[in-house]
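Colleague: Please see the structure below; I have some questions.
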Amino acid sequence: VIVVTEPLFHADFIVKTIDYTSLTSSEKEALAPQVASVIASHIPVSQESVLTPSREPGIVAILPGSYVAPWWVPRPSPYQFKSTIFSCLIAGAEASTSALKERFHQALLKETILATVGAATAGSPAAVRGVISPPPLIVRITEARRDGGQGQGRGMSTWILMGLAALDLFLLVIVVRFCVSRARNSEEPGLLDGQRDSDGGLARRYFRRFMPARVLGKASTELTEWYSVHGSSVCQLES
């Protein structure tokens, strides 16, 4: 059983010397652990701590160069040139985010990855020939989120919480208006205790008559608990 330890970082390498559309299945199978081994030795972490974004240990994911990962923020336009993305998660690296980024951007790692993929695809149609616009390899490092690492997940959760809060307020207004309307129009003797006063007074007497105190108390408690748990999430939107 592989235990994935935090912190987690997304590491994506866009390699312009390899055409993804021409890679064979056997070439992908060979490259996935080889590139993972290079990355692991450079961090350094064990190779099992290098995982695909779907958390398969010991290998990297191999994706089309036009792929735009959901954790890339801000999201760039898809790359138009022939290329291949080697994407992975790094688990348990004993380094700060800034230090890890420096390691990934060092020339030695880039040169080793290019040499590794070049050797694995020597003579293959996947090897891009001719002039390649610099740089031949682009690195993107992103700290993975604890909510799943999908970049936009927290923003979506925030909007869902805001929608639920708005729905709660809307339903509360509807209930109050309904109670006031029933209290005004009811012909049942004694409902209004012989008086016609403000909307607030009508609503209170109607609630007391038709809704037990324990129901109202429970609803009030649940709303208070919900806000104490989710209120900060509703109020904090990411830029």
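Here's how to read the names in the structure tokens: chain A, B, ... by the order shown, residue numbers from 1 in each chain, ligand numbers from 1 in the order shown.
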As a list of chain:residue names, please: every residue in stretch 18-69 of chain A that a backbone DSSP assignment puts in helix (DSSP H, G or I).
Modeller: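 Matching residues, listed in order: A:Tyr20, A:Thr21, A:Ser22, A:Ser25, A:Ser26, A:Glu27, A:Lys28, A:Glu29, A:Ala30, A:Leu31, A:Ala32, A:Pro33, A:Gln34, A:Val35, A:Ala36, A:Ser37, A:Val38, A:Ile39, A:Ala40, A:Ser41, A:His42, A:Gln47, A:Glu48, A:Ser49.
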Colleague: Give me, as a tab-separated table, each residue of stretch 51-106 of chain A that comes within 12 Å of stretch 24-37 of chain A, together with its shortest interatomic pair and the distance in Å at one decimal, counting only C-alpha atoms, with rows ordered by chain and rising residue number.
Modeller:
residue	atom	partner	partner_atom	distance
A:Leu51	CA	A:Ala36	CA	8.0
A:Thr52	CA	A:Ala32	CA	9.3
A:Glu56	CA	A:Ala32	CA	10.9
A:Pro57	CA	A:Ala36	CA	9.2
A:Gly58	CA	A:Pro33	CA	6.1
A:Ile59	CA	A:Pro33	CA	4.4
A:Val60	CA	A:Ala32	CA	5.0
A:Ala61	CA	A:Ala32	CA	6.6
A:Ile62	CA	A:Lys28	CA	6.9
A:Leu63	CA	A:Lys28	CA	9.8
A:Pro64	CA	A:Lys28	CA	11.7
A:Thr84	CA	A:Lys28	CA	10.6
A:Ile85	CA	A:Ala32	CA	11.0
A:Phe86	CA	A:Val35	CA	7.9
A:Ser87	CA	A:Ala36	CA	9.4
A:Cys88	CA	A:Ala36	CA	8.0
A:Leu89	CA	A:Ala36	CA	10.0
A:Ile90	CA	A:Ala36	CA	9.8
Colleague: So that I have them on file, write out the residues from the current selection with N, CA and C atoms, as an mmCIF file, in the first residue's frame.
Modeller:
data_model
loop_
_atom_site.group_PDB
_atom_site.id
_atom_site.type_symbol
_atom_site.label_atom_id
_atom_site.label_comp_id
_atom_site.auth_asym_id
_atom_site.auth_seq_id
_atom_site.Cartn_x
_atom_site.Cartn_y
_atom_site.Cartn_z
ATOM 1 N N LEU A 51 4.191 10.402 -8.630
ATOM 2 C CA LEU A 51 2.938 9.766 -9.020
ATOM 3 C C LEU A 51 2.320 10.482 -10.210
ATOM 4 N N THR A 52 1.453 9.785 -10.920
ATOM 5 C CA THR A 52 0.652 10.445 -11.946
ATOM 6 C C THR A 52 -0.382 11.333 -11.252
ATOM 7 N N GLU A 56 -1.027 7.160 -9.498
ATOM 8 C CA GLU A 56 -0.344 5.892 -9.743
ATOM 9 C C GLU A 56 1.129 6.096 -9.421
ATOM 10 N N PRO A 57 1.701 5.329 -8.492
ATOM 11 C CA PRO A 57 3.067 5.588 -8.035
ATOM 12 C C PRO A 57 4.134 5.078 -9.002
ATOM 13 N N GLY A 58 5.278 5.769 -8.988
ATOM 14 C CA GLY A 58 6.460 5.307 -9.707
ATOM 15 C C GLY A 58 6.525 5.659 -11.169
ATOM 16 N N ILE A 59 5.515 6.347 -11.694
ATOM 17 C CA ILE A 59 5.509 6.717 -13.116
ATOM 18 C C ILE A 59 4.938 8.123 -13.270
ATOM 19 N N VAL A 60 5.147 8.682 -14.460
ATOM 20 C CA VAL A 60 4.521 9.961 -14.795
ATOM 21 C C VAL A 60 3.437 9.702 -15.832
ATOM 22 N N ALA A 61 2.505 10.650 -15.938
ATOM 23 C CA ALA A 61 1.492 10.583 -16.992
ATOM 24 C C ALA A 61 2.058 11.243 -18.240
ATOM 25 N N ILE A 62 1.738 10.690 -19.395
ATOM 26 C CA ILE A 62 2.211 11.245 -20.667
ATOM 27 C C ILE A 62 0.991 11.749 -21.424
ATOM 28 N N LEU A 63 0.978 13.052 -21.693
ATOM 29 C CA LEU A 63 -0.201 13.713 -22.230
ATOM 30 C C LEU A 63 0.137 14.496 -23.491
ATOM 31 N N PRO A 64 -0.873 14.805 -24.308
ATOM 32 C CA PRO A 64 -0.630 15.626 -25.506
ATOM 33 C C PRO A 64 -0.122 17.019 -25.121
ATOM 34 N N THR A 84 5.003 17.057 -26.082
ATOM 35 C CA THR A 84 4.470 16.047 -25.169
ATOM 36 C C THR A 84 4.623 16.569 -23.748
ATOM 37 N N ILE A 85 3.618 16.327 -22.918
ATOM 38 C CA ILE A 85 3.668 16.742 -21.520
ATOM 39 C C ILE A 85 3.909 15.513 -20.650
ATOM 40 N N PHE A 86 4.917 15.608 -19.784
ATOM 41 C CA PHE A 86 5.169 14.601 -18.766
ATOM 42 C C PHE A 86 4.696 15.198 -17.441
ATOM 43 N N SER A 87 3.612 14.641 -16.908
ATOM 44 C CA SER A 87 2.937 15.245 -15.751
ATOM 45 C C SER A 87 2.989 14.310 -14.552
ATOM 46 N N CYS A 88 3.257 14.896 -13.375
ATOM 47 C CA CYS A 88 3.326 14.059 -12.175
ATOM 48 C C CYS A 88 2.989 14.861 -10.928
ATOM 49 N N LEU A 89 2.749 14.141 -9.843
ATOM 50 C CA LEU A 89 2.636 14.687 -8.502
ATOM 51 C C LEU A 89 3.883 14.289 -7.728
ATOM 52 N N ILE A 90 4.413 15.210 -6.949
ATOM 53 C CA ILE A 90 5.539 14.918 -6.079
ATOM 54 C C ILE A 90 5.019 14.915 -4.649
#
Colleague: For A:Ala126, which of A:Tyr20, A:Phe170, A:Phe81, A:Phe178 is the closest residue, counting only C-alpha atoms?
Modeller: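 Of A:Tyr20, A:Phe170, A:Phe81, A:Phe178, the one nearest A:Ala126 is A:Tyr20, counting only C-alpha atoms.
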Colleague: Give me the residues within 12 Å of A:Ile113 as number ranges by chain, counting only C-alpha atoms and dropping any in the same chain fewer than 6 places off.
Modeller: A: 12-18, 31-42, 85-86, 104-107, 119-120, 136-139
Colleague: Tell me which of A:Pro53, A:Gly130, A:Pro135, A:Pro76 sits closest to A:Glu111, counting only C-alpha atoms.
Modeller: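 The shortest atom-to-atom distance to A:Glu111 comes from A:Pro135.
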Colleague: Hey, can you check how far atom CA of A:Arg103 sits from atom CA of A:Gln80?
Modeller: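 Computing the Euclidean distance for atom CA of A:Arg103 and atom CA of A:Gln80 yields 27.3 Å.
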Colleague: Taking only C-alpha atoms into account, name the residue in A:Arg140, A:Val176, A:Ala69, A:Arg55 that is nearest to A:Ala91.
Modeller: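 So, comparing all the options, the nearest one is A:Arg55.
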Colleague: Hey, can you check how far atom CA of A:Ala99 sits from atom CA of A:Ser46?
Modeller: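 Spanning atom CA of A:Ala99 to atom CA of A:Ser46 is a straight-line distance of 18.0 Å.
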Colleague: Choose the residue, out of A:Thr142, A:Pro44, A:Ser54, A:Leu171, that has the smallest atom-to-atom separation from A:Lys101; count only C-alpha atoms.
Modeller: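 Ranking A:Thr142, A:Pro44, A:Ser54, A:Leu171 by distance to A:Lys101, first place goes to A:Thr142.
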Colleague: What gap, in Å, lies between atom CA of A:Thr21 and atom CA of A:Ser66?
Modeller: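 Straight-line distance from atom CA of A:Thr21 to atom CA of A:Ser66 works out to 10.7 Å.
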Colleague: Can you tell me, as a list in words, which residues in stretch 29-191 of chain A count as strand (DSSP E) by DSSP?
Modeller: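 Written out, the strand (DSSP E) residues of stretch 29-191 of chain A are Val50, Leu51, Ala61, Ile62, Leu63, Pro64, Thr84, Ile85, Phe86, Ser87, Cys88, Leu89, Ile90, Ala91, Leu137, Ile138, Val139, Arg140, Ile141, Thr142 and Glu143 of chain A.
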